[in-house]
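Written out below as structure tokens is the structure these notes cover.
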Amino acid sequence: MAIAAEMSSCKKAPSEEATSERACAAEPAIDLVHLSHQTLGDSSLETELLALFNRQAWQIGTQLAGPQRSGETKQRGDLAHMLTGSARAVGAFKLARAAADYENSVRGDANDRACKLQTLETAIEETRTTIAAMLERV
């Protein structure tokens, strides 16, 4: 019951939500220019990195989606931190921000933790869908 109340409290005002959604919609799930710089333009390396990141994002997302047990706060924060770094490396900046926000909520104030986790799960799914489409074209 507390989680439902917590999640309803993460709703934004309609005008704020519309502005936020437009900004997020304009940002690609993967910054291909950044990824190309990271791989020095090697398309086979890009493909390999995206496949590895896709798997890692799925694994971490699965672990975070499960119920939190007593004493798991540090582990959850570490997983989110790892995902933040990996996402930045491949140019998944929207996902990186969601992971960093979740990490901060886990390590600090837990009032918005469920909302941040929901945002992170959505970002993981959007990014993985984009990567799957990219890998299908290869």
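By convention in this document, the chains of the structure tokens carry letters A, B, ... by their order, each chain's residues are numbered from 1, and ligands are numbered from 1 in the order they are shown.
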
Residues of range 18-75 of chain A that have any atom at most 12 Å from an atom of range 95-106 of chain A: could you tabulate them with the shortest-distance atom pair and the distance in Å to one decimal, using only C-alpha atoms, ordered by chain and increasing number, as a Markdown table?
```
| residue | atom | partner | partner_atom | distance |
| --- | --- | --- | --- | --- |
| A:Cys24 | CA | A:Leu95 | CA | 10.7 |
| A:Glu27 | CA | A:Leu95 | CA | 10.8 |
| A:Pro28 | CA | A:Leu95 | CA | 10.3 |
| A:Ala29 | CA | A:Leu95 | CA | 7.5 |
| A:Ile30 | CA | A:Leu95 | CA | 9.1 |
| A:Asp31 | CA | A:Leu95 | CA | 11.2 |
| A:Phe53 | CA | A:Leu95 | CA | 11.6 |
| A:Asn54 | CA | A:Leu95 | CA | 11.8 |
| A:Ala57 | CA | A:Leu95 | CA | 9.6 |
| A:Ile60 | CA | A:Ala99 | CA | 10.4 |
| A:Gly61 | CA | A:Ala99 | CA | 10.0 |
| A:Leu64 | CA | A:Tyr102 | CA | 10.2 |
| A:Gln68 | CA | A:Val106 | CA | 10.7 |
| A:Gly71 | CA | A:Val106 | CA | 11.7 |
| A:Glu72 | CA | A:Val106 | CA | 9.7 |
| A:Thr73 | CA | A:Val106 | CA | 6.3 |
| A:Lys74 | CA | A:Val106 | CA | 8.0 |
| A:Gln75 | CA | A:Val106 | CA | 9.7 |
```

Enumerate, as a PyMOL selection string, the complete set of residues in chain A that a backbone-based DSSP assignment places in alpha helix (DSSP H).
chain A and resi 2-8+14-26+32-38+43-65+73-90+93-107+113-136

Keeping only C-alpha atoms, write the selected residues to a file as a tab-separated table (two decimals), in the first residue's frame.
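New file part.tsv:
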```
chain	number	residue	atom	x	y	z
A	2	ALA	CA	2.84	2.39	0.80
A	3	ILE	CA	4.42	1.71	-2.59
A	4	ALA	CA	1.21	2.63	-4.40
A	5	ALA	CA	1.02	5.89	-2.46
A	6	GLU	CA	4.67	6.53	-3.15
A	7	MET	CA	4.24	5.91	-6.89
A	8	SER	CA	1.20	8.17	-7.11
A	14	PRO	CA	0.22	18.02	-16.47
A	15	SER	CA	2.21	20.92	-17.97
A	16	GLU	CA	5.45	19.76	-16.33
A	17	GLU	CA	4.84	16.19	-17.49
A	18	ALA	CA	4.20	17.25	-21.10
A	19	THR	CA	7.40	19.32	-21.20
A	20	SER	CA	9.41	16.49	-19.68
A	21	GLU	CA	7.96	13.92	-22.10
A	22	ARG	CA	8.78	16.10	-25.14
A	23	ALA	CA	12.37	16.55	-23.96
A	24	CYS	CA	12.80	12.81	-23.33
A	25	ALA	CA	11.13	11.86	-26.61
A	26	ALA	CA	13.61	14.02	-28.50
A	32	LEU	CA	25.30	6.97	-32.09
A	33	VAL	CA	27.88	9.75	-32.49
A	34	HIS	CA	29.17	9.11	-28.97
A	35	LEU	CA	29.23	5.35	-29.58
A	36	SER	CA	31.15	5.87	-32.81
A	37	HIS	CA	33.72	8.03	-31.00
A	38	GLN	CA	34.09	5.39	-28.30
A	43	SER	CA	31.09	-0.83	-36.62
A	44	SER	CA	31.79	-4.43	-35.60
A	45	LEU	CA	33.02	-3.19	-32.23
A	46	GLU	CA	29.88	-1.04	-31.90
A	47	THR	CA	27.75	-4.12	-32.55
A	48	GLU	CA	29.67	-6.17	-30.00
A	49	LEU	CA	29.46	-3.45	-27.33
A	50	LEU	CA	25.74	-2.96	-27.88
A	51	ALA	CA	25.10	-6.70	-27.60
A	52	LEU	CA	27.11	-6.89	-24.37
A	53	PHE	CA	25.40	-3.82	-22.93
A	54	ASN	CA	21.98	-5.14	-23.91
A	55	ARG	CA	22.64	-8.33	-21.95
A	56	GLN	CA	24.05	-6.46	-18.96
A	57	ALA	CA	21.07	-4.07	-18.87
A	58	TRP	CA	18.69	-7.04	-18.91
A	59	GLN	CA	20.58	-8.82	-16.11
A	60	ILE	CA	20.76	-5.75	-13.88
A	61	GLY	CA	17.16	-4.81	-14.62
A	62	THR	CA	16.03	-8.30	-13.66
A	63	GLN	CA	17.94	-8.16	-10.39
A	64	LEU	CA	16.57	-4.72	-9.48
A	65	ALA	CA	12.99	-5.65	-10.41
A	73	THR	CA	20.69	-1.53	-0.23
A	74	LYS	CA	24.42	-1.49	-0.99
A	75	GLN	CA	24.09	-4.20	-3.65
A	76	ARG	CA	21.24	-2.36	-5.39
A	77	GLY	CA	23.22	0.89	-5.30
A	78	ASP	CA	26.26	-0.88	-6.74
A	79	LEU	CA	24.20	-2.43	-9.55
A	80	ALA	CA	22.69	0.93	-10.44
A	81	HIS	CA	26.16	2.52	-10.35
A	82	MET	CA	27.55	-0.16	-12.67
A	83	LEU	CA	24.66	0.36	-15.08
A	84	THR	CA	25.20	4.13	-15.02
A	85	GLY	CA	28.82	3.77	-16.11
A	86	SER	CA	28.10	1.18	-18.78
A	87	ALA	CA	25.21	3.21	-20.18
A	88	ARG	CA	27.39	6.32	-20.43
A	89	ALA	CA	30.09	4.35	-22.21
A	90	VAL	CA	27.76	3.27	-25.03
A	93	PHE	CA	22.55	8.79	-21.56
A	94	LYS	CA	18.82	8.75	-20.75
A	95	LEU	CA	19.25	5.31	-19.17
A	96	ALA	CA	22.41	6.49	-17.37
A	97	ARG	CA	20.49	9.37	-15.78
A	98	ALA	CA	17.67	7.05	-14.69
A	99	ALA	CA	20.20	4.62	-13.16
A	100	ALA	CA	22.04	7.44	-11.36
A	101	ASP	CA	18.75	8.82	-10.02
A	102	TYR	CA	17.79	5.37	-8.74
A	103	GLU	CA	21.24	4.89	-7.19
A	104	ASN	CA	20.89	8.23	-5.37
A	105	SER	CA	17.45	7.26	-4.07
A	106	VAL	CA	18.78	3.90	-2.84
A	107	ARG	CA	21.79	5.40	-1.11
A	113	ARG	CA	12.65	4.91	-4.62
A	114	ALA	CA	9.70	3.10	-6.24
A	115	CYS	CA	9.17	5.95	-8.68
A	116	LYS	CA	12.87	6.03	-9.60
A	117	LEU	CA	12.90	2.24	-10.07
A	118	GLN	CA	9.86	2.45	-12.36
A	119	THR	CA	11.59	5.16	-14.41
A	120	LEU	CA	14.74	3.03	-14.60
A	121	GLU	CA	12.82	-0.07	-15.70
A	122	THR	CA	11.14	1.95	-18.46
A	123	ALA	CA	14.49	3.36	-19.61
A	124	ILE	CA	16.03	-0.12	-19.68
A	125	GLU	CA	13.14	-1.45	-21.78
A	126	GLU	CA	13.27	1.47	-24.22
A	127	THR	CA	17.03	1.17	-24.62
A	128	ARG	CA	16.95	-2.60	-25.06
A	129	THR	CA	14.20	-2.28	-27.68
A	130	THR	CA	16.30	0.25	-29.59
A	131	ILE	CA	19.40	-1.93	-29.39
A	132	ALA	CA	17.47	-5.00	-30.55
A	133	ALA	CA	16.25	-3.08	-33.60
A	134	MET	CA	19.78	-1.88	-34.33
A	135	LEU	CA	21.22	-5.39	-34.02
A	136	GLU	CA	18.56	-6.81	-36.34
```
